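For reference, work.cif (mmCIF, C-alpha atoms):
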data_target
loop_
_atom_site.label_atom_id
_atom_site.label_comp_id
_atom_site.auth_asym_id
_atom_site.auth_seq_id
_atom_site.Cartn_x
_atom_site.Cartn_y
_atom_site.Cartn_z
CA MET K 1 111.96 50.11 147.16
CA LYS K 2 112.32 51.03 143.48
CA ASN K 3 109.39 52.36 141.49
CA LEU K 4 107.82 49.90 139.08
CA LYS K 5 108.58 51.65 135.81
CA PHE K 6 106.17 49.38 133.96
CA ILE K 7 103.06 50.71 135.72
CA ASN K 8 101.13 52.35 132.92
CA THR K 9 99.09 55.37 134.03
CA ILE K 10 96.27 56.83 131.96
CA LYS K 11 94.91 60.00 133.55
CA SER K 12 91.20 60.74 133.49
CA GLN K 13 90.08 63.35 130.97
CA SER K 14 86.80 63.85 132.84
CA PRO K 15 87.66 64.47 136.50
CA LYS K 16 84.83 64.28 138.99
CA LEU K 17 83.58 67.17 141.07
CA LYS K 18 85.18 66.94 144.48
CA PRO K 19 82.99 66.98 147.60
CA THR K 20 82.76 70.31 149.40
CA GLY K 21 80.84 69.34 152.54
CA GLU K 22 81.27 66.67 155.19
CA LEU K 23 83.18 63.73 153.75
CA GLY K 24 81.83 60.98 155.97
CA PHE K 25 83.29 57.57 155.23
CA GLY K 26 83.35 55.72 151.90
CA LYS K 27 80.85 58.02 150.19
CA TYR K 28 83.08 59.46 147.46
CA PHE K 29 85.62 57.82 145.16
CA THR K 30 88.56 59.35 143.36
CA ASP K 31 89.21 59.64 139.63
CA HIS K 32 91.41 56.56 139.22
CA ILE K 33 91.83 52.88 140.04
CA PHE K 34 94.92 50.63 140.08
CA ILE K 35 94.53 47.17 138.52
CA CYS K 36 96.86 44.19 138.08
CA ASP K 37 95.84 40.72 136.87
CA TYR K 38 97.13 37.18 137.32
CA ASN K 39 96.85 33.83 135.62
CA ARG K 40 98.80 30.61 136.08
CA LYS K 41 100.67 30.90 132.78
CA LYS K 42 101.66 34.58 132.87
CA GLY K 43 101.88 35.30 136.58
CA TRP K 44 101.08 38.89 137.57
CA PHE K 45 100.91 41.16 134.53
CA ASP K 46 99.80 44.55 133.18
CA PRO K 47 99.81 46.76 136.31
CA HIS K 48 98.10 50.00 135.38
CA VAL K 49 96.25 53.02 136.71
CA ILE K 50 93.23 54.04 134.67
CA PRO K 51 90.16 56.26 135.15
CA TYR K 52 87.81 54.90 137.81
CA GLY K 53 84.96 52.91 136.33
CA ASP K 54 83.29 49.55 135.93
CA PHE K 55 85.25 46.50 134.89
CA ARG K 56 84.00 43.32 133.28
CA ILE K 57 83.64 40.12 135.29
CA ASP K 58 82.32 36.81 134.02
CA PRO K 59 79.05 35.64 135.66
CA SER K 60 80.75 32.35 136.57
CA ALA K 61 83.80 34.03 138.19
CA SER K 62 84.88 32.22 141.33
CA VAL K 63 84.48 35.31 143.49
CA LEU K 64 80.73 35.27 142.83
CA HIS K 65 80.22 31.58 143.61
CA TYR K 66 82.93 30.53 146.05
CA GLY K 67 83.72 33.79 147.84
CA GLN K 68 87.41 34.14 147.01
CA ALA K 69 87.59 37.80 147.98
CA MET K 70 89.51 39.79 150.55
CA PHE K 71 90.61 43.36 151.08
CA GLU K 72 92.76 45.71 153.12
CA GLY K 73 92.16 49.15 154.61
CA MET K 74 94.92 51.75 154.80
CA LYS K 75 95.36 55.52 154.64
CA ALA K 76 97.45 58.24 153.06
CA PHE K 77 97.94 61.49 155.01
CA ARG K 78 98.79 65.00 153.83
CA HIS K 79 101.37 66.79 156.00
CA LEU K 80 101.65 70.53 156.52
CA ASN K 81 104.94 70.60 154.58
CA GLY K 82 103.25 69.05 151.54
CA ASP K 83 104.53 65.50 152.07
CA ILE K 84 102.19 62.56 151.51
CA ALA K 85 102.72 59.51 153.73
CA LEU K 86 101.22 56.03 153.95
CA PHE K 87 100.72 54.53 157.41
CA ARG K 88 102.34 51.10 157.84
CA PRO K 89 101.67 49.72 154.34
CA GLU K 90 104.05 46.79 154.91
CA TYR K 91 101.79 45.63 157.76
CA ASN K 92 98.80 45.63 155.41
CA TYR K 93 100.74 43.67 152.82
CA GLU K 94 101.80 40.98 155.28
CA ARG K 95 98.27 40.64 156.65
CA MET K 96 96.81 40.32 153.15
CA LYS K 97 99.52 37.81 152.23
CA SER K 98 98.60 35.68 155.25
CA GLY K 99 94.91 35.90 154.38
CA ALA K 100 95.57 35.01 150.74
CA ASP K 101 97.30 31.84 151.87
CA ARG K 102 94.29 30.91 154.04
CA LEU K 103 91.91 31.47 151.10
CA CYS K 104 94.19 29.69 148.58
CA MET K 105 94.59 32.90 146.57
CA GLU K 106 97.61 34.19 144.67
CA MET K 107 99.15 37.27 146.26
CA PRO K 108 100.96 39.97 144.24
CA SER K 109 104.50 40.88 145.23
CA ILE K 110 105.09 43.57 147.82
CA GLU K 111 106.45 45.77 144.98
CA ILE K 112 103.18 45.54 143.05
CA PHE K 113 101.14 46.09 146.22
CA ILE K 114 103.00 49.15 147.50
CA GLU K 115 103.99 50.76 144.20
CA GLY K 116 100.46 50.27 142.90
CA VAL K 117 99.10 52.07 145.96
CA LYS K 118 101.66 54.86 145.56
CA GLU K 119 100.95 55.33 141.85
CA LEU K 120 97.22 55.60 142.58
CA VAL K 121 97.94 58.18 145.29
CA ARG K 122 100.05 60.19 142.84
CA ALA K 123 97.29 60.08 140.23
CA ASP K 124 94.70 61.28 142.77
CA LEU K 125 96.96 63.64 144.70
CA ASP K 126 94.46 66.51 144.68
CA TRP K 127 91.86 64.25 146.32
CA ILE K 128 93.85 63.95 149.55
CA PRO K 129 92.14 66.21 152.11
CA SER K 130 94.21 68.56 154.23
CA GLN K 131 91.81 68.95 157.17
CA ARG K 132 92.92 67.42 160.47
CA GLY K 133 90.94 64.24 161.04
CA SER K 134 90.63 63.53 157.31
CA SER K 135 92.71 61.34 155.01
CA LEU K 136 92.64 59.36 151.78
CA TYR K 137 91.36 55.88 152.57
CA LEU K 138 92.79 53.15 150.33
CA ARG K 139 91.12 49.81 149.67
CA PRO K 140 93.44 47.17 148.13
CA THR K 141 91.25 44.24 147.03
CA LEU K 142 91.99 40.73 145.76
CA MET K 143 89.41 38.49 144.09
CA GLY K 144 89.19 35.29 142.06
CA THR K 145 88.15 35.97 138.46
CA GLU K 146 88.42 32.63 136.65
CA ALA K 147 85.21 31.57 134.91
CA PHE K 148 84.32 28.05 136.10
CA LEU K 149 81.99 26.06 138.32
CA GLY K 150 83.59 23.59 140.71
CA VAL K 151 84.89 23.93 144.24
CA ARG K 152 88.61 24.67 143.87
CA PRO K 153 90.88 27.72 143.98
CA SER K 154 90.73 30.06 141.02
CA ASP K 155 93.57 30.08 138.48
CA GLU K 156 92.99 33.79 137.74
CA TYR K 157 92.90 36.80 140.05
CA ARG K 158 92.52 40.55 139.96
CA PHE K 159 94.22 42.86 142.43
CA PHE K 160 92.91 46.40 142.46
CA VAL K 161 93.04 49.50 144.64
CA ILE K 162 90.43 52.22 144.96
CA ALA K 163 90.59 55.39 147.05
CA SER K 164 88.12 57.55 148.94
CA PRO K 165 88.60 60.85 150.82
CA VAL K 166 87.22 60.32 154.32
CA SER K 167 86.70 61.91 157.71
CA SER K 168 85.24 60.11 160.74
CA TYR K 169 83.94 56.56 160.40
CA TYR K 170 81.26 56.98 163.07
CA LYS K 171 78.89 59.95 163.14
CA GLU K 172 80.00 60.47 166.74
CA GLY K 173 83.54 61.16 165.48
CA ILE K 174 85.88 60.84 168.45
CA GLY K 175 82.88 60.89 170.79
CA PRO K 176 81.78 57.77 172.74
CA VAL K 177 79.73 55.12 170.94
CA LYS K 178 77.08 52.77 172.27
CA ILE K 179 77.83 49.08 171.78
CA TRP K 180 75.46 46.10 171.91
CA VAL K 181 76.96 42.85 173.24
CA GLU K 182 75.92 40.20 170.71
CA GLU K 183 74.43 36.99 172.16
CA ASN K 184 72.88 35.27 169.13
CA TYR K 185 75.34 35.51 166.25
CA VAL K 186 79.06 34.80 166.13
CA ARG K 187 81.71 36.48 164.00
CA ALA K 188 84.26 33.66 163.80
CA ALA K 189 85.01 30.12 164.94
CA PRO K 190 88.32 28.41 165.73
CA GLY K 191 89.96 27.25 162.51
CA GLY K 192 87.78 29.60 160.45
CA LEU K 193 88.41 32.93 158.74
CA GLY K 194 88.41 35.20 161.77
CA SER K 195 92.04 36.22 161.41
CA THR K 196 91.68 37.11 157.72
CA LYS K 197 90.12 40.17 156.15
CA ALA K 198 87.90 37.99 153.98
CA ALA K 199 84.78 39.57 152.51
CA ALA K 200 82.77 36.67 153.97
CA ASN K 201 83.56 37.88 157.50
CA TYR K 202 81.82 41.15 156.82
CA ALA K 203 78.82 39.58 155.09
CA GLY K 204 78.32 37.43 158.18
CA SER K 205 78.44 40.45 160.48
CA LEU K 206 75.82 42.55 158.73
CA LYS K 207 72.68 41.15 160.36
CA ALA K 208 73.94 41.56 163.92
CA ALA K 209 75.12 45.11 163.19
CA HIS K 210 71.80 45.96 161.53
CA GLU K 211 69.80 44.70 164.49
CA ALA K 212 72.04 46.58 166.91
CA LYS K 213 71.54 49.83 165.01
CA GLN K 214 67.78 49.30 165.11
CA LYS K 215 68.12 49.23 168.91
CA GLY K 216 70.06 52.51 168.85
CA TYR K 217 73.62 51.15 169.04
CA SER K 218 76.54 51.99 166.77
CA GLN K 219 78.01 48.48 166.63
CA VAL K 220 78.24 45.11 168.36
CA LEU K 221 80.76 43.57 170.72
CA TRP K 222 81.45 40.11 169.37
CA LEU K 223 81.89 37.19 171.75
CA ASP K 224 83.34 33.76 171.03
CA VAL K 225 81.28 30.75 169.87
CA ASN K 226 80.23 30.04 173.47
CA HIS K 227 79.37 33.70 174.12
CA GLU K 228 81.80 33.74 177.02
CA TYR K 229 84.97 35.51 175.85
CA VAL K 230 85.31 38.97 174.29
CA GLU K 231 86.67 39.12 170.74
CA GLU K 232 86.15 42.30 168.66
CA VAL K 233 83.97 45.40 168.70
CA GLY K 234 82.37 45.74 165.29
CA THR K 235 85.26 45.72 162.82
CA MET K 236 87.77 46.91 165.42
CA ASN K 237 90.06 45.43 168.03
CA VAL K 238 89.13 46.36 171.60
CA PHE K 239 90.97 47.50 174.74
CA PHE K 240 89.77 47.69 178.35
CA MET K 241 91.51 49.75 181.04
CA ILE K 242 91.31 47.65 184.22
CA ASP K 243 93.29 48.52 187.36
CA GLY K 244 95.46 50.88 185.33
CA GLU K 245 96.42 48.19 182.79
CA ALA K 246 95.31 47.88 179.17
CA HIS K 247 93.73 44.48 178.55
CA THR K 248 93.07 43.31 174.98
CA PRO K 249 91.98 39.92 173.59
CA LEU K 250 94.76 37.57 172.59
CA LEU K 251 95.22 36.97 168.87
CA ASP K 252 94.45 33.26 168.87
CA GLY K 253 93.19 32.75 165.31
CA THR K 254 89.65 34.09 165.54
CA ILE K 255 90.58 37.78 165.82
CA LEU K 256 91.91 40.01 163.05
CA ALA K 257 95.32 41.51 163.83
CA GLY K 258 95.24 45.25 163.24
CA SER K 259 98.04 47.70 162.48
CA VAL K 260 96.37 50.27 164.74
CA ARG K 261 96.06 47.66 167.51
CA ASP K 262 99.77 46.90 167.18
CA SER K 263 100.61 50.62 167.15
CA VAL K 264 98.44 51.31 170.20
CA ILE K 265 100.22 48.55 172.12
CA GLN K 266 103.58 50.16 171.32
CA LEU K 267 102.36 53.62 172.32
CA LEU K 268 100.88 52.35 175.58
CA LYS K 269 104.03 50.49 176.57
CA ASN K 270 106.22 53.48 175.77
CA SER K 271 103.92 55.61 177.96
CA GLY K 272 104.53 53.28 180.91
CA ILE K 273 101.14 51.55 180.71
CA SER K 274 101.20 47.77 181.02
CA VAL K 275 99.49 45.87 178.20
CA VAL K 276 97.99 42.45 178.89
CA GLU K 277 97.09 40.32 175.86
CA ARG K 278 94.89 37.45 177.03
CA LYS K 279 91.56 35.73 176.68
CA ILE K 280 89.04 37.96 178.46
CA LYS K 281 85.72 36.72 179.78
CA TRP K 282 82.71 39.01 179.50
CA ALA K 283 82.02 38.20 183.16
CA GLU K 284 85.39 39.79 184.05
CA ILE K 285 84.46 42.99 182.22
CA ASP K 286 81.13 43.12 184.01
CA ALA K 287 82.71 42.49 187.43
CA ALA K 288 85.47 45.06 186.86
CA PHE K 289 82.87 47.68 185.98
CA GLN K 290 80.75 46.89 189.05
CA ASP K 291 83.86 47.15 191.26
CA GLY K 292 84.95 50.46 189.73
CA ARG K 293 88.15 48.91 188.31
CA LEU K 294 87.13 49.30 184.65
CA THR K 295 87.74 52.96 183.86
CA GLU K 296 87.41 53.00 180.07
CA ALA K 297 87.21 50.95 176.90
CA PHE K 298 87.92 51.78 173.27
CA GLY K 299 88.07 50.19 169.86
CA THR K 300 91.00 50.54 167.45
CA GLY K 301 91.04 50.28 163.67
CA THR K 302 92.19 51.96 160.48
CA ALA K 303 88.84 53.57 159.70
CA ALA K 304 88.06 55.08 163.12
CA VAL K 305 91.63 55.05 164.57
CA ILE K 306 90.41 55.13 168.20
CA SER K 307 86.75 54.96 169.12
CA PRO K 308 85.78 55.38 172.79
CA ILE K 309 83.04 53.12 174.13
CA GLY K 310 80.52 55.01 176.19
CA GLU K 311 78.13 52.17 176.84
CA LEU K 312 78.09 48.36 176.72
CA THR K 313 74.72 46.65 176.90
CA ARG K 314 74.11 42.91 177.16
CA GLY K 315 70.45 42.01 177.31
CA LEU K 316 68.89 44.09 180.08
CA LYS K 317 72.21 44.94 181.72
CA LYS K 318 73.92 48.21 180.82
CA LEU K 319 77.49 49.27 181.65
CA ASN K 320 77.60 53.06 181.37
CA LEU K 321 81.31 53.72 180.90
CA ALA K 322 80.68 57.39 180.20
CA GLU K 323 80.02 57.81 183.94
CA THR K 324 83.33 56.32 185.07
CA GLN K 325 85.97 58.55 186.63
CA GLU K 326 88.21 58.70 183.54
CA PRO K 327 86.02 57.69 180.60
CA PHE K 328 88.51 58.40 177.80
CA LYS K 329 91.81 59.47 179.29
CA VAL K 330 94.09 56.75 177.90
CA GLY K 331 92.22 56.40 174.60
CA ARG K 332 92.51 60.14 173.97
CA GLN K 333 96.20 60.01 174.85
CA VAL K 334 97.05 57.31 172.31
CA TYR K 335 94.74 58.90 169.72
CA ASP K 336 96.60 62.20 170.02
CA GLN K 337 99.99 60.47 169.87
CA MET K 338 99.14 58.36 166.85
CA THR K 339 97.45 61.05 164.80
CA ALA K 340 100.31 63.46 165.50
CA ILE K 341 102.64 60.92 163.87
CA GLN K 342 100.25 60.22 161.00
CA TYR K 343 99.93 63.92 160.15
CA GLY K 344 103.66 64.58 160.47
CA GLU K 345 103.27 66.74 163.58
CA ALA K 346 105.45 64.49 165.76
CA PRO K 347 108.64 62.55 165.01
CA ASP K 348 108.05 59.12 163.50
CA ILE K 349 110.29 57.28 165.96
CA TYR K 350 108.62 53.94 165.11
CA ASN K 351 109.20 54.16 161.32
CA TRP K 352 105.50 53.77 160.67
CA LEU K 353 105.28 56.22 157.77
CA MET K 354 106.24 55.62 154.16
CA LYS K 355 106.65 58.77 152.10
CA VAL K 356 105.14 58.87 148.62
CA ASN K 357 107.62 60.49 146.27
CA LEU K 358 105.75 63.00 144.12
#
Is it possible to express this structure as structure tokens?
Amino acid sequence: MKNLKFINTIKSQSPKLKPTGELGFGKYFTDHIFICDYNRKKGWFDPHVIPYGDFRIDPSASVLHYGQAMFEGMKAFRHLNGDIALFRPEYNYERMKSGADRLCMEMPSIEIFIEGVKELVRADLDWIPSQRGSSLYLRPTLMGTEAFLGVRPSDEYRFFVIASPVSSYYKEGIGPVKIWVEENYVRAAPGGLGSTKAAANYAGSLKAAHEAKQKGYSQVLWLDVNHEYVEEVGTMNVFFMIDGEAHTPLLDGTILAGSVRDSVIQLLKNSGISVVERKIKWAEIDAAFQDGRLTEAFGTGTAAVISPIGELTRGLKKLNLAETQEPFKVGRQVYDQMTAIQYGEAPDIYNWLMKVNL
């Protein structure tokens, strides 16, 4: 892919102080932002990187009234040899493109998407952490900006990318997390927005997550509209090791497809572990645990990569997975394999990495 020579970059003359302690997740933001705008007459125009800061939005912009907003999550990694690599950016583009179609939004070209991300990474090169377990998290975002009132798709959009140096998403790091099985709220319904990374999905998840944290849990396990089938764990896809096989919910329109989920499936299969994608009843998970056939469970996502589940609680019933015979054997295996590729420590036999030319 050729560089977009027309991306105008204005470097900040007042760089921020970089964090020196624990990075956490999404707490710090780099010196620059990539922006590209769209309207019906001009198409996509004026891609540029400028110093990070506020931008103007009209109070009647469609994003504020009709929720035309979506985003992606991806990472850039620093390798020991000095290379900088993005992890599966084409996957993120295709997922955002699919979501934009569902939300009736205009999507920038793959050249604008990827070269915009790369140019931002180049501008904020010294923000990319070198510590193992850390990376530069990138947040491509698309929103409707036309000023109007009336229920229809916007004729104007802004695509922008911000970046944040991060470490672990959960305070437990790679340690097991406690998960509350949600029985009152639902994340998505058939025919809805469940398979898109729409901002509305996350707004609708906040109350359940907040209540779970008040009970002492890190996140929730979402069930379907009838509270019968397993869907996602928090903002992650989920895997259950049952009878030596990896079982994960089928992508049937209510579940967000994840690049890490797809990568984990490939790693598992290449390790000789069968992967079963199907609709999974909560009752099956409960029964498999009681019978000793459920040996571990873990979530997968860009932010946390792999997050082991130490406990699942539904109402008064608790499944303590941390006490099973092999509580995180397979999850640790795929975590080690994937991160070794991401950090350039193992051959990228899957062509998942895209080098950023410096």
Kindly resolve the PyMOL selection byres ((chain K and resi 204-206) around 10) on the present coordinates and return the residues as a short mmCIF file (atom, residue, chain, number, x, y, z; two decimals) with C-alpha atoms, in the frame of the given file.
data_model
loop_
_atom_site.label_atom_id
_atom_site.label_comp_id
_atom_site.auth_asym_id
_atom_site.auth_seq_id
_atom_site.Cartn_x
_atom_site.Cartn_y
_atom_site.Cartn_z
CA TYR K 185 75.34 35.51 166.25
CA VAL K 186 79.06 34.80 166.13
CA ARG K 187 81.71 36.48 164.00
CA ALA K 188 84.26 33.66 163.80
CA ALA K 199 84.78 39.57 152.51
CA ALA K 200 82.77 36.67 153.97
CA ASN K 201 83.56 37.88 157.50
CA TYR K 202 81.82 41.15 156.82
CA ALA K 203 78.82 39.58 155.09
CA LYS K 207 72.68 41.15 160.36
CA ALA K 208 73.94 41.56 163.92
CA ALA K 209 75.12 45.11 163.19
CA HIS K 210 71.80 45.96 161.53
CA GLU K 211 69.80 44.70 164.49
CA ALA K 212 72.04 46.58 166.91
CA VAL K 220 78.24 45.11 168.36
CA TRP K 222 81.45 40.11 169.37
CA GLY K 234 82.37 45.74 165.29
CA THR K 235 85.26 45.72 162.82
#
(request) Point out the residue among K:Asp252, K:Glu156, K:Glu94, K:Glu245 with the least atom-to-atom distance to Ala189 in chain K, counting all atoms listed in the file. (result) K:Asp252
(request) Excluding range 107-113 of chain K and residues on its chain fewer than 3 positions from it, collect all residues at most 10 Å away from it, counting all atoms listed in the file, and give them as an NGL selection string. (result) :K and (1-4 or 7 or 34-38 or 43-45 or 47 or 89-90 or 92-94 or 96-101 or 104 or 116-118 or 140 or 142 or 157-161)
Evaluating the PyMOL selection byres ((chain K and resi 329-334) around 8) on the displayed file yields which residues, as a compact mmCIF listing (two decimals) with C-alpha atoms, keeping the file's coordinate frame?
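Produced file result01.txt, reproduced below:
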# COMPACT_ATOMS: atom_id res chain seq x y z
CA VAL K 264 98.44 51.31 170.20
CA LEU K 267 102.36 53.62 172.32
CA LEU K 268 100.88 52.35 175.58
CA GLU K 296 87.41 53.00 180.07
CA ALA K 297 87.21 50.95 176.90
CA PHE K 298 87.92 51.78 173.27
CA ILE K 306 90.41 55.13 168.20
CA SER K 307 86.75 54.96 169.12
CA PRO K 308 85.78 55.38 172.79
CA GLU K 326 88.21 58.70 183.54
CA PRO K 327 86.02 57.69 180.60
CA PHE K 328 88.51 58.40 177.80
CA TYR K 335 94.74 58.90 169.72
CA ASP K 336 96.60 62.20 170.02
CA GLN K 337 99.99 60.47 169.87
CA MET K 338 99.14 58.36 166.85
(request) Point out the residue among K:Leu193, K:Val63, K:Met236, K:Val260 with the least atom-to-atom distance to Gln342 in chain K, counting all atoms listed in the file. (result) K:Val260
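Taking only C-alpha atoms into account, Arg102 in chain K lies nearest to K:Gln68 out of the set K:Ser154, K:Ser134, K:Gln290, K:Gln68.
The spacing separating CA of Tyr137 in chain K from CA of Ser164 in chain K amounts to 5.1 Å.
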(request) Using the chain letters and numbers from the file, give me the residues hit by the PyMOL selection byres ((chain K and resi 31) around 7), as a VMD selection string. (result) chain K and resid 12 15 to 16 29 to 30 32 51 to 52 124
Just to be explicit: take each residue in the selection above, keep C-alpha atoms, and write the result as a short mmCIF file (atom, residue, chain, number, x, y, z; two decimals), in the frame of the given file.
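Generated file (part.cif):
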data_model
loop_
_atom_site.label_atom_id
_atom_site.label_comp_id
_atom_site.auth_asym_id
_atom_site.auth_seq_id
_atom_site.Cartn_x
_atom_site.Cartn_y
_atom_site.Cartn_z
CA SER K 12 91.20 60.74 133.49
CA PRO K 15 87.66 64.47 136.50
CA LYS K 16 84.83 64.28 138.99
CA PHE K 29 85.62 57.82 145.16
CA THR K 30 88.56 59.35 143.36
CA HIS K 32 91.41 56.56 139.22
CA PRO K 51 90.16 56.26 135.15
CA TYR K 52 87.81 54.90 137.81
CA ASP K 124 94.70 61.28 142.77
#
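Atom to atom, CA of Glu232 in chain K and CA of Glu323 in chain K stand 22.6 Å apart.
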(request) Would you work out the distance separating CA of Ser60 in chain K from CA of Glu72 in chain K, expressed in Å to one decimal? (result) 24.4 Å
(request) Tell me, as a PyMOL selection string, which residues lie within 10 Å of Glu277 in chain K, counting only C-alpha atoms; anything in the same chain fewer than 4 positions away does not count. (result) chain K and resi 239+246-251+265
(request) Dump as a PyMOL selection string all residues having an atom at most 10 Å from (100.2, 65.8, 162.9), computed in the file's coordinates with only C-alpha atoms. (result) chain K and resi 77-80+132-133+336-347
(request) Pick out the closest residue to Ala163 in chain K from this set: K:Arg95, K:Lys317, K:Lys27, K:Arg56. Count only C-alpha atoms. (result) K:Lys27
(request) Identify, on the basis of all atoms listed in the file, every residue whose closest approach to Gly67 in chain K does not exceed 10 Å; exclude the query and any residue fewer than 3 positions from it along the same chain; express the result as a VMD selection string. (result) chain K and resid 61 to 64 70 103 143 to 144 198 to 200
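Restricting the calculation to all atoms listed in the file, the smallest distance between His48 in chain K and any of K:Lys11, K:Arg278, K:Arg152, K:Lys318 is found for K:Lys11.
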(request) Kindly indicate which residue among K:Gly244, K:Ala303, K:Val151, K:Val356 lies nearest to Val275 in chain K, using all atoms listed in the file for the distances. (result) K:Gly244
(message) Here's a test: counting only C-alpha atoms, identify every protein, DNA and RNA residue with an atom at most 8 Å from (76.9, 53.5, 173.7) in the file's coordinate frame, and state them as a ChimeraX atom specification.
(response) /K:176-180,217-218,309-313,320
For range 206-253 of chain K in the structure I just supplied, write out C-alpha atoms - as an mmCIF file, in the first residue's frame.
data_model
loop_
_atom_site.group_PDB
_atom_site.id
_atom_site.type_symbol
_atom_site.label_atom_id
_atom_site.label_comp_id
_atom_site.auth_asym_id
_atom_site.auth_seq_id
_atom_site.Cartn_x
_atom_site.Cartn_y
_atom_site.Cartn_z
ATOM 1 C CA LEU K 206 -22.595 0.613 31.407
ATOM 2 C CA LYS K 207 -25.310 0.063 34.007
ATOM 3 C CA ALA K 208 -24.883 -3.712 34.153
ATOM 4 C CA ALA K 209 -21.100 -3.363 34.395
ATOM 5 C CA HIS K 210 -21.427 -0.709 37.103
ATOM 6 C CA GLU K 211 -23.735 -2.883 39.187
ATOM 7 C CA ALA K 212 -21.440 -5.880 38.755
ATOM 8 C CA LYS K 213 -18.439 -3.878 39.971
ATOM 9 C CA GLN K 214 -20.425 -2.768 43.017
ATOM 10 C CA LYS K 215 -20.827 -6.477 43.816
ATOM 11 C CA GLY K 216 -17.061 -7.009 43.493
ATOM 12 C CA TYR K 217 -16.925 -8.356 39.927
ATOM 13 C CA SER K 218 -14.723 -7.134 37.083
ATOM 14 C CA GLN K 219 -17.318 -7.514 34.325
ATOM 15 C CA VAL K 220 -20.507 -9.264 33.249
ATOM 16 C CA LEU K 221 -21.204 -12.321 31.140
ATOM 17 C CA TRP K 222 -23.912 -11.302 28.711
ATOM 18 C CA LEU K 223 -26.695 -13.728 27.838
ATOM 19 C CA ASP K 224 -29.157 -13.546 24.951
ATOM 20 C CA VAL K 225 -32.566 -11.825 25.135
ATOM 21 C CA ASN K 226 -34.077 -14.900 26.811
ATOM 22 C CA HIS K 227 -31.160 -15.198 29.260
ATOM 23 C CA GLU K 228 -30.528 -18.723 28.044
ATOM 24 C CA TYR K 229 -27.520 -18.620 25.708
ATOM 25 C CA VAL K 230 -24.038 -17.220 26.391
ATOM 26 C CA GLU K 231 -22.921 -14.289 24.216
ATOM 27 C CA GLU K 232 -19.974 -12.126 25.367
ATOM 28 C CA VAL K 233 -18.025 -11.429 28.531
ATOM 29 C CA GLY K 234 -17.920 -7.680 29.037
ATOM 30 C CA THR K 235 -16.490 -6.271 25.810
ATOM 31 C CA MET K 236 -14.744 -9.528 24.917
ATOM 32 C CA ASN K 237 -15.505 -12.755 23.117
ATOM 33 C CA VAL K 238 -15.469 -15.823 25.353
ATOM 34 C CA PHE K 239 -14.099 -19.375 25.181
ATOM 35 C CA PHE K 240 -14.845 -22.408 27.369
ATOM 36 C CA MET K 241 -12.614 -25.488 27.518
ATOM 37 C CA ILE K 242 -14.997 -28.460 27.767
ATOM 38 C CA ASP K 243 -13.820 -32.061 27.354
ATOM 39 C CA GLY K 244 -10.558 -30.807 25.867
ATOM 40 C CA GLU K 245 -12.314 -28.749 23.168
ATOM 41 C CA ALA K 246 -12.582 -24.959 22.920
ATOM 42 C CA HIS K 247 -16.230 -23.898 22.689
ATOM 43 C CA THR K 248 -17.108 -20.319 21.711
ATOM 44 C CA PRO K 249 -20.451 -18.693 20.836
ATOM 45 C CA LEU K 250 -21.370 -18.663 17.164
ATOM 46 C CA LEU K 251 -21.269 -15.296 15.417
ATOM 47 C CA ASP K 252 -24.953 -15.087 14.542
ATOM 48 C CA GLY K 253 -25.473 -11.318 14.356
#
